[in-house]
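Engineer: Sharing a structure, written as structure tokens. Questions coming.
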Amino acid sequence: MRYPQGLWAQCFCDHEGHEARTAPLPLSAQARRGGRGAPWRRGGARCRPMVLAFLLPRLRRFQPGLAMSTATGTFSLQQPLNYRAGGRVQPADVGQVEDVYEPATGRVITKLPCSGEKEVDLAVQSAKEAFQIWSRTSGMERCRVLLEAARLIRERRDEIATLETINNGKSIFEARVDIDISWQCLEYYAGLAGSLAGEHIQLPGGSFGYTRREPLGVCVGIGAWNYPFQIACWKSAPALACGNAMVFKPSPFTPISVVKLAEIFTEAGVPKGLFNVVQGGAATGQFLCHHPDVAKISFTGSVPTGVKIMEMAAKGIKPVTLELGGKSPLIIFSDCSLENAVNGALMANFLTQGEVCCNGTRVFVERKILDTFTKEVVKRTQKIKVGDPLQEDTRMGALINRPHLERVQRFIKQAKEQGAQVLCGGDLYVPDDPKLKNGFYMQPCVLGNCTDDMTCVQEEIFGPVMSILPFDTEEEVVERANNTKFGLAGGVFTRDIQKAHRVVAALKAGMCFINNYNISPVELPFGGYKSSGFGRENGRAAIEYYSQLKTVCVEMGDVESVF
């Protein structure tokens, strides 16, 4: 996930009376004007009220075909959702047409025509032309454009977050943090763009060699529905900083906010066509992966789809970055700070309705504190406010759609059949507001009496379901934690710093946390081991995956020949 260092908060605070129990929460007004990491006021702070009255005229100014109000259940969209050569367009050819939902109400808010092969080709060719311009710019020129895009995102933070909440279902509280992370990502890679360089190597006789770090060409980004705007920024920022172009395909469940990013890039000054958006499902993705002018593919999503993308990319010898699923362990030792460990477990399981790939859903608790920890987690989970995601005090919104909600419910039913005990939640939730009655809500669930062989412990549920498992020794828990095909993340809570480092060194996971969970500062690489994928997003490491190295050997003397 997706919370940078310093944005830790009592996300699941006691909302009786709306009192936040601790609260350096996301960025202050000063930070939004350009600073980073400034905390909200601490202690007894009320959940910040958000004045949204200005959104309607601003959204209409930027998107004339978008009808918007601050109330859930009133959004409608008439504009095209494809973006090519600097503007919104209807796809040149269409496959099937998908319904796009507002999860909070279950309403269909627009129809999505899926792009066919002709539209994909037009988008790639447009990006290819823009690449010829962009790749010749200096790093400092690219830096300035990315900084301007970051400024525009920061300026329009609340409108973009509102779109994200309407289409995704997560709370507006979380969506704003996602947008903050997005502009920070662009700022970070803007800073790196001007520093990209090769190296000089002295050779005998005055000869020398040097390397050039060069862009790949047209890159494809394929995003997931849990973090639509943020994932698009995580992929496009390093790609554009390195001098590439990108064609991005969001999930057909959440097609709306990414087009806003495309408009911002154009307004910031990228060549028209440098960042294009094609909409669609699996068929559209296949056209992108097979296209001969695509140089690289970056995918975030499920393991089965990742396998298919890797197979398609192999036929064209295209490099891929895969950020796939997880079933990550969170290990709670008895010498931990109990309050911090409980906070960490909640953050590891219930952000974005539990629809987070790196969630620590296998919570291993040392038996000495099992009862105390479990009691506190259950008490806090029962207080999580579920409901209208556009309301300021909501901390859990709606799941993405009806089929996914039913899938999560089946996992809970199966867990009970296999012997797990539902300690709280797990039922469907129907808000009192009549307009929300068809929304995709459920109560966050904590499962006890779990064992390692249960389906709920082995498979990724991708919903608000925490499984608690007892352990006795460090050696035992490390072995059990690694007993999974996944390897995306892992965490440990303990006051023993030697033990903490020893455990994370033994965990077979790409992103590990000590005394925290689910923070992903853009400065740090993010990615997995094993079936959770390979390649890295964020940090300097991502530059390696969006560039290629050319070696140049310069002879300063005469050529000697053996012939």
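Here, A, B, ... name the chains of the structure tokens in the order displayed, residue numbers run from 1 inside each chain, and ligands are numbered from 1 in the same displayed order.
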For Leu163 (chain A), work out the shell of residues within 8 Å, counting only C-alpha atoms and skipping chain neighbours fewer than 3 positions away, then give it as a short mmCIF file (atom, residue, chain, number, x, y, z; two decimals) with N, CA, C and O atoms, in the first residue's frame.
Structural biologist:
```
data_model
loop_
_atom_site.label_atom_id
_atom_site.label_comp_id
_atom_site.auth_asym_id
_atom_site.auth_seq_id
_atom_site.Cartn_x
_atom_site.Cartn_y
_atom_site.Cartn_z
N GLU A 159 -10.69 17.22 -6.08
CA GLU A 159 -11.57 16.80 -7.18
C GLU A 159 -11.20 15.41 -7.68
O GLU A 159 -12.07 14.58 -7.95
N ILE A 160 -9.88 15.14 -7.80
CA ILE A 160 -9.44 13.82 -8.25
C ILE A 160 -9.81 12.77 -7.21
O ILE A 160 -10.29 11.67 -7.56
N ILE A 166 -15.83 7.93 -5.90
CA ILE A 166 -17.07 7.59 -6.60
C ILE A 166 -16.91 6.30 -7.40
O ILE A 166 -17.79 5.43 -7.39
N ASN A 167 -15.78 6.13 -8.07
CA ASN A 167 -15.61 5.00 -8.97
C ASN A 167 -15.04 3.76 -8.28
O ASN A 167 -15.25 2.64 -8.74
N ILE A 256 -12.19 5.98 -14.77
CA ILE A 256 -12.49 7.41 -14.85
C ILE A 256 -11.31 8.32 -14.52
O ILE A 256 -10.98 9.25 -15.25
N SER A 257 -10.63 8.07 -13.39
CA SER A 257 -9.66 9.05 -12.90
C SER A 257 -8.39 9.12 -13.72
O SER A 257 -7.73 10.17 -13.78
#
```
Engineer: Got a sec to tell me which of region 104-148 of chain A DSSP assigns to strand (DSSP E or B), as a PyMOL selection string?
Structural biologist: chain A and resi 107-115
Engineer: Can you pull out every residue within 8 Å of Gly198 (chain A), counting only C-alpha atoms, but drop anything in the same chain fewer than 4 positions away, and send it as a list in words?
Structural biologist: Tyr210, Thr211, Arg212, Arg213 and Leu549 of chain A
Engineer: Using only C-alpha atoms, find each residue of region 184-301 of chain A with at least one atom at most 8 Å away from an atom of region 316-338 of chain A; report its shortest atom-to-atom pair and that distance in Å (one decimal), sort the rows by chain and rising residue number, and return the result as a tab-separated table.
Structural biologist:
```
residue	atom	partner	partner_atom	distance
A:His290	CA	A:Gly316	CA	7.2
A:Pro292	CA	A:Gly316	CA	7.2
A:Val294	CA	A:Lys318	CA	7.9
A:Ala295	CA	A:Lys318	CA	5.9
A:Lys296	CA	A:Pro319	CA	5.2
A:Ile297	CA	A:Val320	CA	4.8
A:Ser298	CA	A:Thr321	CA	4.6
A:Phe299	CA	A:Leu322	CA	5.1
A:Thr300	CA	A:Glu323	CA	4.7
A:Gly301	CA	A:Leu324	CA	5.1
```
Engineer: Kindly give the distance, in Å, that separates CA of Gln286 (chain A) and CA of Pro113 (chain A), rounded to a single decimal.
Structural biologist: 16.0 Å
